[in-house]
Amino acid sequence: MAKSLQKLQARKLRRIGRSIGEIAGELKVSKSSVSLWCSDIDLTPEQVANLIEREGKGAAKGRQMAARLRKAERKQRVDKFCEIGLKKIGHLTNRERFLVGASLYWAEGSKKTREVMFANSEPEMILLFLRWLIENILITPERIYCRIGINQEHEHRINVIEQYWSRVTGIPLQRFKKTILRKVKIRKIYENPDDYYGTLYVTVKCGTNLNYEILGYIEGLKLAA
């Protein structure tokens with residue numbers, strides 16, 4: 001397009017309220033050229049208001065796009081280091097899993113009672129602890145019992161929550177003790193309240209001696225630290 005024709009087109013677009021940037025993009029010329037060609041054209045108050053509104057929306061879209069890009073970059077970084085972590089952990093030997101289980105109990109297990117009781121809300125951690133009990137400590141599954149603790153606001157979901165934990169653990173509901181209802185304010189905010197399943201307590205029947213033994217494992221970890 002000849003320069004003179006571009007100038008005429010630019011002035012025409014400017015008179016109908018198009019922005020300098022919009023005109024430059026449409027005609028594929030520099031913003032400085034458009035600004036020079038249209039320097040004597042005054043926009044009406046309505047046109048100025050429309051431009052401000054459009055530019056504001058554009059800025060919002062720009063911020064949204066930037067946020068999406070940051071989120072995508074963050075996900076790539078997380079995935080990268082997650083892959084590194086998976087490679088470093090690899091397959092656990094029997095002894096390594098034994099040490100991990102003892103450490104889990106040190107962190108989340110009951111140490112002030114004479115029973116073996118481990119509590120957590122993460123299914124993966126519960127499953128790791130159960131595997132530790134069965135494969136490392138050689139506890140028969142029939143000796144393992146569960147109890148759920150939930151906020152009283154979810155009392156109407158008791159059956160759903162009990163069935164959820166039974167599916168996760170593979171432990172039949174007959175070995176679940178009566179659910180505990182707590183009268184405390186929930187601190188964690190769930191986007192979907194139905195994603196709340198409370199805390200699962202895993203106990204071992206006739207586990208007094210085992211409790212003492214596990215406390216010995218913990219003492220061993222302390223000395224080895």
# chains A, B, ... in the order shown; residues from 1 in each chain; ligands from 1
>>> closest_atom_pairs(of="region 22-111 of chain A", to="region 125-130 of chain A", cutoff="10 Å", atoms="only C-alpha atoms", output="tab-separated table")
residue	atom	partner	partner_atom	distance
A:Arg97	CA	A:Leu128	CA	8.6
A:Phe98	CA	A:Phe129	CA	9.8
A:Val100	CA	A:Phe129	CA	8.9
A:Gly101	CA	A:Phe129	CA	6.0
A:Ala102	CA	A:Phe129	CA	9.0
A:Leu104	CA	A:Phe129	CA	7.5
A:Tyr105	CA	A:Phe129	CA	8.2
>>> write_last_selection(atoms="C-alpha atoms", output="compact mmCIF listing (two decimals), in the first residue's frame")
# COMPACT_ATOMS: atom_id res chain seq x y z
CA ARG A 97 10.73 -48.67 53.61
CA PHE A 98 11.26 -49.85 57.19
CA VAL A 100 10.53 -44.51 56.20
CA GLY A 101 7.70 -46.14 58.16
CA ALA A 102 9.49 -45.61 61.46
CA LEU A 104 6.37 -41.57 59.61
CA TYR A 105 5.34 -42.90 62.99
>>> residues_around(residues="Ser32 (chain A)", least_positions_apart="4", cutoff="12 Å", atoms="only C-alpha atoms", output="ChimeraX atom specification")
/A:10,20-21,23-25,28,36-39
>>> closest_residue(among="A:Tyr145, A:Phe176, A:Trp106, A:Trp165", to="Glu124 (chain A)", atoms="only C-alpha atoms")
A:Trp165
>>> residues_around(residues="Gly149 (chain A)", least_positions_apart="6", cutoff="7 Å", atoms="only C-alpha atoms", output="CSV table (one decimal) with N, CA and C atoms, in the first residue's frame")
chain,number,residue,atom,x,y,z
A,179,THR,N,-17.2,-43.1,64.2
A,179,THR,CA,-16.6,-41.9,63.7
A,179,THR,C,-16.7,-40.8,64.8
A,180,ILE,N,-15.6,-40.1,64.9
A,180,ILE,CA,-15.5,-39.0,65.9
A,180,ILE,C,-16.0,-37.7,65.2
A,181,LEU,N,-16.8,-37.0,65.9
A,181,LEU,CA,-17.3,-35.7,65.4
A,181,LEU,C,-16.6,-34.6,66.2
A,198,GLY,N,-11.9,-35.7,56.2
A,198,GLY,CA,-11.4,-35.8,57.6
A,198,GLY,C,-10.1,-36.5,57.7
A,199,THR,N,-9.8,-37.0,59.0
A,199,THR,CA,-8.6,-37.7,59.3
A,199,THR,C,-8.8,-39.1,59.6
A,200,LEU,N,-8.0,-40.0,59.1
A,200,LEU,CA,-8.1,-41.4,59.4
A,200,LEU,C,-7.1,-41.8,60.5
>>> atom_distance(atom1="CA of Lys112 (chain A)", atom2="CA of Lys183 (chain A)")
23.5 Å
>>> select_by_dssp(residues="region 90-205 of chain A", states="helix (DSSP H, G or I)", output="ChimeraX atom specification")
/A:94-108,123-136,141-143,152-169,173-175,193-195
>>> residues_around(residues="Leu43 (chain A)", least_positions_apart="2", cutoff="9 Å", atoms="only C-alpha atoms", output="count of residues only")
9
>>> closest_residue(among="A:Arg114, A:Arg131, A:His154, A:Arg167", to="Ile214 (chain A)", atoms="only C-alpha atoms")
A:Arg114
>>> closest_residue(among="A:Lys7, A:Pro123, A:Ile144, A:Ile89", to="Ser30 (chain A)", atoms="only C-alpha atoms")
A:Lys7
>>> closest_residue(among="A:Gly90, A:Ile150, A:Asp40, A:Ser19", to="Glu53 (chain A)", atoms="only C-alpha atoms")
A:Ser19
>>> closest_residue(among="A:Glu213, A:Glu153, A:Glu142, A:Glu22", to="Arg175 (chain A)", atoms="only C-alpha atoms")
A:Glu142
>>> select_by_dssp(residues="region 49-132 of chain A", states="strand (DSSP E or B)", output="ChimeraX atom specification")
/A:109,117-120
>>> write_last_selection(atoms="N, CA and C atoms", output="PDB file, in the first residue's frame")
ATOM      1  N   GLY A 109       2.627 -40.551  64.482  1.00  0.00           N
ATOM      2  CA  GLY A 109       2.065 -41.587  65.336  1.00  0.00           C
ATOM      3  C   GLY A 109       1.916 -41.147  66.783  1.00  0.00           C
ATOM      4  N   MET A 117      -1.122 -46.033  67.132  1.00  0.00           N
ATOM      5  CA  MET A 117      -2.133 -45.233  66.450  1.00  0.00           C
ATOM      6  C   MET A 117      -1.441 -44.215  65.544  1.00  0.00           C
ATOM      7  N   PHE A 118      -1.780 -44.265  64.290  1.00  0.00           N
ATOM      8  CA  PHE A 118      -1.198 -43.368  63.288  1.00  0.00           C
ATOM      9  C   PHE A 118      -2.333 -42.597  62.643  1.00  0.00           C
ATOM     10  N   ALA A 119      -2.196 -41.266  62.537  1.00  0.00           N
ATOM     11  CA  ALA A 119      -3.272 -40.430  62.004  1.00  0.00           C
ATOM     12  C   ALA A 119      -2.767 -39.548  60.879  1.00  0.00           C
ATOM     13  N   ASN A 120      -3.564 -39.479  59.806  1.00  0.00           N
ATOM     14  CA  ASN A 120      -3.237 -38.582  58.702  1.00  0.00           C
ATOM     15  C   ASN A 120      -4.461 -38.451  57.804  1.00  0.00           C
TER      16      ASN A 120
END
